[in-house]
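Structure file structure27.tsv (TSV, C-alpha atoms) follows.
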chain	number	residue	atom	x	y	z
A	1	MET	CA	-2.81	46.54	-66.90
A	2	ASN	CA	-4.62	43.42	-65.74
A	3	THR	CA	-4.34	42.70	-62.03
A	4	SER	CA	-5.46	39.98	-59.65
A	5	ASN	CA	-6.32	41.52	-56.27
A	6	THR	CA	-7.86	38.55	-54.52
A	7	ASN	CA	-8.13	37.90	-50.81
A	8	PRO	CA	-4.84	36.29	-49.72
A	9	ASN	CA	-6.36	34.31	-46.84
A	10	ILE	CA	-5.70	30.59	-47.14
A	11	ASN	CA	-8.56	28.27	-47.97
A	12	ARG	CA	-7.52	25.14	-46.13
A	13	ARG	CA	-10.00	22.86	-47.85
A	14	HIS	CA	-8.74	23.96	-51.26
A	15	PHE	CA	-5.17	23.49	-50.05
A	16	SER	CA	-5.96	19.95	-48.89
A	17	ALA	CA	-7.46	19.21	-52.28
A	18	ALA	CA	-4.31	20.48	-53.96
A	19	LEU	CA	-2.21	18.11	-51.89
A	20	ALA	CA	-4.40	15.27	-53.10
A	21	LEU	CA	-3.35	15.84	-56.70
A	22	SER	CA	-1.20	13.19	-58.39
A	23	PRO	CA	2.18	12.99	-56.61
A	24	LEU	CA	5.48	13.47	-58.42
A	25	VAL	CA	7.19	10.62	-56.56
A	26	GLY	CA	8.35	7.85	-58.89
A	27	LEU	CA	8.18	9.91	-62.07
A	28	THR	CA	10.85	9.56	-64.71
A	29	ALA	CA	13.25	12.46	-65.19
A	30	ALA	CA	11.37	13.55	-68.32
A	31	GLN	CA	8.01	13.42	-66.53
A	32	ALA	CA	9.37	15.34	-63.54
A	33	GLN	CA	10.71	18.01	-65.91
A	34	ASN	CA	7.17	18.53	-67.29
A	35	ALA	CA	5.26	18.12	-64.01
A	36	THR	CA	3.41	21.03	-62.47
A	37	ALA	CA	4.27	22.40	-59.05
A	38	VAL	CA	2.19	21.28	-56.05
A	39	VAL	CA	2.81	22.40	-52.48
A	40	GLY	CA	3.95	19.42	-50.44
A	41	GLN	CA	5.45	17.65	-53.47
A	42	PRO	CA	8.90	17.77	-55.13
A	43	ALA	CA	9.39	21.02	-57.04
A	44	PRO	CA	9.75	20.46	-60.81
A	45	ASP	CA	13.32	20.87	-62.00
A	46	PHE	CA	14.18	23.49	-64.61
A	47	SER	CA	17.13	25.27	-66.15
A	48	ALA	CA	17.31	28.86	-67.33
A	49	THR	CA	19.85	31.44	-68.41
A	50	ASP	CA	20.40	34.55	-66.32
A	51	THR	CA	20.82	38.08	-67.64
A	52	ALA	CA	24.60	37.56	-67.85
A	53	GLY	CA	24.26	34.39	-69.94
A	54	LYS	CA	24.98	31.84	-67.19
A	55	VAL	CA	22.81	28.72	-67.01
A	56	HIS	CA	21.27	27.78	-63.65
A	57	ARG	CA	19.49	24.50	-62.87
A	58	LEU	CA	17.19	24.22	-59.86
A	59	SER	CA	18.55	20.77	-58.97
A	60	ASP	CA	22.03	22.28	-58.58
A	61	PHE	CA	20.76	23.97	-55.41
A	62	LYS	CA	19.48	20.84	-53.67
A	63	GLY	CA	20.50	21.01	-50.03
A	64	LYS	CA	19.60	24.69	-49.79
A	65	LEU	CA	16.43	26.68	-49.32
A	66	VAL	CA	15.42	28.27	-52.62
A	67	VAL	CA	13.07	31.19	-53.23
A	68	LEU	CA	11.48	31.68	-56.66
A	69	GLU	CA	10.23	35.21	-57.30
A	70	TRP	CA	8.25	35.99	-60.45
A	71	THR	CA	8.86	39.57	-61.49
A	72	ASN	CA	8.18	42.19	-64.16
A	73	PRO	CA	9.67	45.69	-63.72
A	74	GLY	CA	6.74	47.24	-65.59
A	75	CYS	CA	4.23	46.08	-62.96
A	76	PRO	CA	3.18	48.60	-60.26
A	77	PHE	CA	2.96	45.79	-57.68
A	78	VAL	CA	6.57	44.87	-58.43
A	79	ARG	CA	7.56	48.54	-58.19
A	80	LYS	CA	5.80	48.68	-54.81
A	81	HIS	CA	7.95	45.89	-53.41
A	82	TYR	CA	11.11	47.09	-55.16
A	83	SER	CA	10.84	50.32	-53.18
A	84	GLY	CA	13.14	48.47	-50.80
A	85	ASN	CA	11.06	45.58	-49.46
A	86	MET	CA	12.10	42.93	-52.01
A	87	GLN	CA	15.75	43.98	-51.93
A	88	GLY	CA	15.68	43.77	-48.13
A	89	LEU	CA	14.31	40.23	-48.24
A	90	GLN	CA	16.91	39.19	-50.82
A	91	LYS	CA	19.76	40.63	-48.79
A	92	GLU	CA	18.51	39.24	-45.47
A	93	PHE	CA	18.07	35.68	-46.62
A	94	THR	CA	20.86	35.22	-49.16
A	95	ALA	CA	23.15	36.23	-46.27
A	96	LYS	CA	21.73	33.19	-44.45
A	97	GLY	CA	22.52	30.85	-47.33
A	98	VAL	CA	19.14	30.95	-49.08
A	99	VAL	CA	19.25	30.86	-52.90
A	100	TRP	CA	17.01	33.54	-54.44
A	101	LEU	CA	16.04	33.11	-58.09
A	102	ALA	CA	14.08	35.97	-59.63
A	103	ILE	CA	12.32	34.85	-62.82
A	104	ASN	CA	10.94	37.01	-65.63
A	105	SER	CA	8.42	35.14	-67.80
A	106	THR	CA	7.35	38.23	-69.78
A	107	GLY	CA	6.99	37.31	-73.45
A	108	THR	CA	8.92	39.11	-76.17
A	109	ASN	CA	5.66	40.39	-77.71
A	110	SER	CA	4.70	42.27	-74.52
A	111	GLY	CA	5.32	45.97	-74.08
A	112	ASP	CA	6.80	45.10	-70.67
A	113	HIS	CA	9.45	42.80	-72.14
A	114	MET	CA	13.08	43.62	-71.33
A	115	ALA	CA	16.08	42.13	-73.10
A	116	PRO	CA	18.61	40.46	-70.75
A	117	ALA	CA	21.03	43.41	-70.76
A	118	LYS	CA	18.27	45.90	-69.96
A	119	LEU	CA	16.80	43.68	-67.24
A	120	GLY	CA	20.27	43.20	-65.75
A	121	ALA	CA	20.74	46.97	-65.72
A	122	TRP	CA	17.41	47.33	-63.90
A	123	VAL	CA	18.54	44.84	-61.24
A	124	ARG	CA	21.70	46.89	-60.67
A	125	GLU	CA	19.76	50.17	-60.64
A	126	MET	CA	17.40	48.78	-58.01
A	127	GLN	CA	20.40	47.49	-56.01
A	128	ALA	CA	18.61	44.15	-55.92
A	129	GLN	CA	20.47	41.11	-54.65
A	130	PRO	CA	18.92	37.93	-56.03
A	131	THR	CA	21.26	35.01	-56.58
A	132	ALA	CA	20.28	35.28	-60.25
A	133	MET	CA	17.73	36.99	-62.49
A	134	LEU	CA	16.52	34.30	-64.88
A	135	MET	CA	15.03	34.76	-68.34
A	136	ASP	CA	11.91	32.69	-69.12
A	137	GLU	CA	10.65	34.43	-72.26
A	138	PRO	CA	8.92	31.28	-73.63
A	139	GLY	CA	7.08	31.04	-70.29
A	140	LYS	CA	7.72	27.33	-69.81
A	141	ILE	CA	8.96	27.64	-66.22
A	142	GLY	CA	6.19	30.04	-65.26
A	143	GLN	CA	3.50	27.79	-66.69
A	144	ARG	CA	5.01	24.71	-65.01
A	145	TYR	CA	4.79	26.53	-61.68
A	146	ALA	CA	1.39	28.06	-62.54
A	147	ALA	CA	2.82	31.52	-61.84
A	148	LYS	CA	-0.12	33.90	-62.21
A	149	THR	CA	1.07	37.26	-60.95
A	150	THR	CA	4.07	39.48	-60.47
A	151	PRO	CA	5.13	39.01	-57.81
A	152	HIS	CA	4.27	35.34	-57.24
A	153	MET	CA	6.47	33.67	-54.63
A	154	TYR	CA	7.56	30.08	-54.03
A	155	ILE	CA	9.85	28.45	-51.46
A	156	ILE	CA	11.57	25.08	-51.94
A	157	ASN	CA	13.17	23.27	-49.01
A	158	PRO	CA	16.66	21.66	-49.02
A	159	GLN	CA	15.10	18.31	-49.91
A	160	GLY	CA	13.63	19.81	-53.08
A	161	GLN	CA	10.03	19.95	-51.86
A	162	LEU	CA	7.79	22.94	-52.55
A	163	ILE	CA	6.79	24.25	-49.12
A	164	TYR	CA	5.23	27.64	-49.91
A	165	ALA	CA	3.39	29.17	-52.86
A	166	GLY	CA	1.47	32.41	-53.03
A	167	ALA	CA	1.58	36.08	-52.17
A	168	ILE	CA	4.54	38.00	-50.81
A	169	ASP	CA	2.36	39.45	-48.06
A	170	SER	CA	-1.17	39.85	-46.73
A	171	ILE	CA	-2.26	43.19	-48.23
A	172	PRO	CA	-3.08	42.95	-51.96
A	173	SER	CA	-2.41	46.53	-52.98
A	174	ALA	CA	0.10	48.54	-54.99
A	175	ARG	CA	0.55	51.06	-52.14
A	176	VAL	CA	4.04	51.20	-50.63
A	177	ASP	CA	2.59	52.37	-47.30
A	178	ASP	CA	0.83	49.00	-46.89
A	179	ILE	CA	4.12	47.10	-46.69
A	180	LYS	CA	4.79	48.07	-43.07
A	181	THR	CA	1.42	46.80	-41.78
A	182	ALA	CA	1.21	43.62	-43.86
A	183	THR	CA	2.20	40.14	-42.72
A	184	ASN	CA	5.13	39.17	-44.92
A	185	TYR	CA	4.41	35.54	-45.76
A	186	VAL	CA	7.80	34.99	-47.39
A	187	ARG	CA	9.79	36.25	-44.40
A	188	GLN	CA	7.55	34.31	-42.02
A	189	SER	CA	7.89	31.08	-44.00
A	190	LEU	CA	11.66	31.40	-44.41
A	191	HIS	CA	12.15	32.01	-40.68
A	192	GLU	CA	10.06	28.92	-39.94
A	193	ALA	CA	11.95	26.82	-42.48
A	194	LEU	CA	15.35	27.95	-41.20
A	195	ALA	CA	14.26	27.07	-37.66
A	196	GLY	CA	13.14	23.60	-38.76
A	197	LYS	CA	9.49	24.39	-38.07
A	198	PRO	CA	6.50	23.51	-40.27
A	199	ILE	CA	5.23	26.31	-42.51
A	200	SER	CA	2.19	27.83	-40.81
A	201	MET	CA	0.65	29.17	-44.04
A	202	ALA	CA	1.93	27.02	-46.91
A	203	SER	CA	-0.45	28.35	-49.56
A	204	THR	CA	-1.94	31.83	-50.05
A	205	ARG	CA	-3.53	33.63	-52.98
A	206	PRO	CA	-1.01	35.63	-55.00
A	207	TYR	CA	-1.76	39.17	-56.06
A	208	GLY	CA	-0.27	41.56	-58.58
A	209	CYS	CA	-0.18	42.03	-62.34
A	210	THR	CA	-1.00	39.14	-64.62
A	211	VAL	CA	2.14	37.41	-65.89
A	212	LYS	CA	2.55	38.55	-69.51
A	213	TYR	CA	3.15	35.18	-71.14
A	214	SER	CA	4.04	35.25	-74.83
A	215	ASP	CA	0.53	34.16	-75.88
A	216	GLN	CA	-1.21	36.63	-73.52
A	217	ALA	CA	0.62	39.91	-74.12

As structure tokens, what does this structure read like?
Amino acid sequence: MNTSNTNPNINRRHFSAALALSPLVGLTAAQAQNATAVVGQPAPDFSATDTAGKVHRLSDFKGKLVVLEWTNPGCPFVRKHYSGNMQGLQKEFTAKGVVWLAINSTGTNSGDHMAPAKLGAWVREMQAQPTAMLMDEPGKIGQRYAAKTTPHMYIINPQGQLIYAGAIDSIPSARVDDIKTATNYVRQSLHEALAGKPISMASTRPYGCTVKYSDQA
């Protein structure tokens, strides 16, 4: 299984360059729908169906903090964090009013693909508590957000701006024992956002298994 185990330390010059990319402000609705995600800019809107068949649109959650979590149950890095770490984050922050959208962009031609019913059963088995588990089998949402790994984490503020993108934590391994000594970037960023503080590390390098898009299975 392909993995991306890169150093998660932020490269501030690269981050500054990313912020200099074309802004999304003033785009038409159609252009905004097709825009790519850039930290510091409005998060591209999308809609997707969850494992129970309900449609969710990102813009419906404006006014709330939103976490996007790219996932794939077949990935050992996902299994590492679903040993209790990811569920704990979901429970902790949804209880504080944060919306948590888990997204599966695994293509139907991948051996890791799960049909909605099977993926929903996995969520229940793991006792996970996302607001919704969204299906993105065509990969359009994942590609719009440049999601590279599972997990790959994003945070959107109540104004609809992308304020964090990157790794779940600071130790790029599949070892469960590393969770307790890692800096959890998602928890850190959410605490800062809830306190009205600026995000201290707004961009880090994600790590995990390569997202199995339909044309890359």

| task | Identify, on the basis of all atoms listed in the file, every residue whose closest approach to stretch 130-144 of chain A does not exceed 7 Å; exclude the query and any residue fewer than 5 positions from it along the same chain; express the result as a PyMOL selection string. | result | chain A and resi 34-37+46+48-51+90+99-108+213-214

| field | Distance in Å - atom CA of A:Cys209 versus atom CA of A:Asn109 | value |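 We find that atom CA of A:Cys209 and atom CA of A:Asn109 lie 16.5 Å from each other.
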
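The coordinates place atom CA of A:Ala165 at 9.3 Å from atom CA of A:Tyr145.
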
| query | Which one of A:His56, A:Lys91, A:Lys148, A:Lys212 sits closest to A:Arg187 if you count only C-alpha atoms? | reply | A:Lys91

| Could you state the separation of atom CA of A:Met86 and atom CA of A:Asp178 in Å, given to one decimal place? | 13.8 Å

| request: Please write as a ChimeraX atom specification the list of polymer residues whose atoms come within 12 Å of (6.9, 32.7, -43.3), counting all atoms listed in the file and keeping to the coordinates of the file. | output: /A:67,89,153-155,163-170,183-204

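If you measure from each of A:Asn85, A:Gln127, A:Thr150, A:Ser59 to A:Pro73 using only C-alpha atoms, the closest one turns out to be A:Thr150.
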
| With all atoms listed in the file as the atoms that count, which of A:Met126, A:Val211, A:Ala43, A:Val176 lies nearest to A:Gln87? |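 Smallest distance to A:Gln87 is found for A:Met126.
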
| message | Please determine, counting only C-alpha atoms, which residue among A:Val55, A:Ala174, A:Ala182, A:Val66 has the shortest atom-to-atom distance to A:Gly97. | response | A:Val66

| request: Have a look at A:Leu68, A:Ala95, A:Val123, A:Ala52 and name the one nearest to A:Leu162; count all atoms listed in the file. | output: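 Residue with the minimum atom-to-atom distance to A:Leu162: A:Leu68.
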
| task | Find, counting only C-alpha atoms, the residue in A:Ser47, A:Trp70, A:Pro76, A:Leu58 that gets nearest to A:Ile156. | result |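 Of the candidates, the smallest distance to A:Ile156 is held by A:Leu58.
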